[in-house]
Amino acid sequence: MTKTLSVAAIQHGTVIDHINSGQALHIIRLLDLQKKNHKVTIGLNLPSKRLQYKDIIKIENHVLSNDEANEVTVLAPLVSINIIDNFEVVKKINTTLPSHIVNVFACPNPACITQSEPVETYFKIETHGNRVNFFCRYCEKSFDRNQVSENIK
């Protein structure tokens, strides 16, 4: 007996696929989807040839902007983002990791000035192989993706 896994197709919208397992809920918060009036389908810990396990997000009647798509790569570097129209992929968004990100994540350093003063956070993003490091402009400390992803504003 063969098992199949099915996730409902969407007529119009965006599919965010190949999300590192465990990051989908962070991406939902990053894009503020819980506050918007879009139907969202989430698949967690699905089998994947590329990642072993992956998450997937389908957003009906909303197309991600290029900036939103690039922000997603901060949390999911191998992400595939497809635009759907009439149940077909009509466009694939090519993403690039941004060089910096402003006012999206809170600095994890409790001694950072951004914890006590009303300033926008600013992280410079650098890659080292598969690692992504975030350098806070204010406290000058370095953080990995997992430390920062827990601190979405």
# chains A, B, ... in the order shown; residues from 1 in each chain; ligands from 1
call {"tool": "select_by_dssp", "arguments": {"residues": "region 9-100 of chain A", "states": "strand (DSSP E or B)", "output": "JSON, numbers by chain"}}
result
{"A": [12, 13, 14, 15, 16, 17, 18, 19, 20, 40, 41, 42, 43, 44, 45, 46, 47, 48, 52, 53, 54, 55, 56, 57, 58, 59, 60, 80, 81, 82, 83, 84, 85, 88, 89, 90, 91, 92, 93, 100]}
call {"tool": "residues_around", "arguments": {"residues": "Glu150 (chain A)", "least_positions_apart": "6", "cutoff": "9 Å", "atoms": "only C-alpha atoms", "output": "PDB file with N, CA and C atoms, in the first residue's frame"}}
result
ATOM      1  N   HIS A  26       7.810  30.892  12.171  1.00  0.00           N
ATOM      2  CA  HIS A  26       8.576  32.137  12.229  1.00  0.00           C
ATOM      3  C   HIS A  26       8.301  32.980  10.981  1.00  0.00           C
ATOM      4  N   PHE A 105      13.794  42.183  13.282  1.00  0.00           N
ATOM      5  CA  PHE A 105      14.150  41.340  14.421  1.00  0.00           C
ATOM      6  C   PHE A 105      14.627  42.212  15.569  1.00  0.00           C
ATOM      7  N   ALA A 106      14.302  41.794  16.780  1.00  0.00           N
ATOM      8  CA  ALA A 106      14.855  42.448  17.959  1.00  0.00           C
ATOM      9  C   ALA A 106      16.227  41.841  18.234  1.00  0.00           C
ATOM     10  N   PRO A 108      18.939  39.987  20.168  1.00  0.00           N
ATOM     11  CA  PRO A 108      18.876  39.025  21.279  1.00  0.00           C
ATOM     12  C   PRO A 108      19.720  39.420  22.494  1.00  0.00           C
TER      13      PRO A 108
END
call {"tool": "select_by_dssp", "arguments": {"residues": "region 5-139 of chain A", "states": "helix (DSSP H, G or I)", "output": "VMD selection string"}}
result
chain A and resid 24 to 30 33 to 35 66 to 75 113 to 115
call {"tool": "residues_around", "arguments": {"residues": "Ser80 (chain A)", "least_positions_apart": "6", "cutoff": "7 Å", "atoms": "only C-alpha atoms", "output": "PDB file with C-alpha atoms, in the first residue's frame"}}
result
ATOM      1  CA  ILE A  16       6.541  29.138  -0.116  1.00  0.00           C
ATOM      2  CA  ASP A  17       8.207  25.733  -0.384  1.00  0.00           C
ATOM      3  CA  HIS A  18      11.422  24.143   0.849  1.00  0.00           C
TER       4      HIS A  18
END
call {"tool": "closest_residue", "arguments": {"among": "A:Val72, A:Ala9, A:Cys112, A:Ile101", "to": "Arg29 (chain A)", "atoms": "only C-alpha atoms"}}
result
A:Val72
call {"tool": "residues_around", "arguments": {"residues": "Phe123 (chain A)", "least_positions_apart": "2", "cutoff": "12 Å", "atoms": "only C-alpha atoms", "output": "JSON, numbers by chain"}}
result
{"A": [74, 98, 99, 100, 101, 102, 103, 104, 105, 106, 107, 108, 114, 120, 121, 125, 126, 132, 133, 134, 135, 136, 137, 138, 139, 140, 141, 142, 143, 144, 145, 148]}
call {"tool": "write_last_selection", "arguments": {"atoms": "C-alpha atoms", "output": "PDB file, in the first residue's frame"}}
result
ATOM      1  CA  VAL A  74      16.859  35.114   6.034  1.00  0.00           C
ATOM      2  CA  PRO A  98      19.596  40.847   1.799  1.00  0.00           C
ATOM      3  CA  SER A  99      22.827  42.541   2.923  1.00  0.00           C
ATOM      4  CA  HIS A 100      21.015  44.034   5.909  1.00  0.00           C
ATOM      5  CA  ILE A 101      17.634  43.962   7.579  1.00  0.00           C
ATOM      6  CA  VAL A 102      16.029  46.857   9.445  1.00  0.00           C
ATOM      7  CA  ASN A 103      13.436  46.754  12.225  1.00  0.00           C
ATOM      8  CA  VAL A 104      12.341  43.167  11.608  1.00  0.00           C
ATOM      9  CA  PHE A 105      14.150  41.340  14.421  1.00  0.00           C
ATOM     10  CA  ALA A 106      14.855  42.448  17.959  1.00  0.00           C
ATOM     11  CA  CYS A 107      18.464  42.120  19.064  1.00  0.00           C
ATOM     12  CA  PRO A 108      18.876  39.025  21.279  1.00  0.00           C
ATOM     13  CA  THR A 114      17.696  48.630  21.245  1.00  0.00           C
ATOM     14  CA  GLU A 120      15.099  50.728  14.831  1.00  0.00           C
ATOM     15  CA  THR A 121      17.140  47.563  14.935  1.00  0.00           C
ATOM     16  CA  ILE A 125      23.888  39.969   7.217  1.00  0.00           C
ATOM     17  CA  GLU A 126      26.893  37.921   6.165  1.00  0.00           C
ATOM     18  CA  VAL A 132      24.270  33.137   8.132  1.00  0.00           C
ATOM     19  CA  ASN A 133      25.462  35.635  10.729  1.00  0.00           C
ATOM     20  CA  PHE A 134      23.671  38.767  11.875  1.00  0.00           C
ATOM     21  CA  PHE A 135      25.776  41.646  13.217  1.00  0.00           C
ATOM     22  CA  CYS A 136      23.919  44.204  15.304  1.00  0.00           C
ATOM     23  CA  ARG A 137      24.866  47.768  14.393  1.00  0.00           C
ATOM     24  CA  TYR A 138      24.492  48.939  17.988  1.00  0.00           C
ATOM     25  CA  CYS A 139      26.023  46.321  20.283  1.00  0.00           C
ATOM     26  CA  GLU A 140      28.289  44.911  17.536  1.00  0.00           C
ATOM     27  CA  LYS A 141      27.550  41.327  18.570  1.00  0.00           C
ATOM     28  CA  SER A 142      27.133  38.472  16.116  1.00  0.00           C
ATOM     29  CA  PHE A 143      24.167  36.092  16.163  1.00  0.00           C
ATOM     30  CA  ASP A 144      23.230  33.046  14.133  1.00  0.00           C
ATOM     31  CA  ARG A 145      19.929  32.607  12.302  1.00  0.00           C
ATOM     32  CA  VAL A 148      17.574  36.006  15.626  1.00  0.00           C
TER      33      VAL A 148
END
call {"tool": "atom_distance", "arguments": {"atom1": "CA of Leu78 (chain A)", "atom2": "CA of Ile57 (chain A)"}}
result
14.1 Å
call {"tool": "closest_residue", "arguments": {"among": "A:Val89, A:Ile84, A:Leu75, A:Asn94", "to": "Arg131 (chain A)", "atoms": "only C-alpha atoms"}}
result
A:Leu75
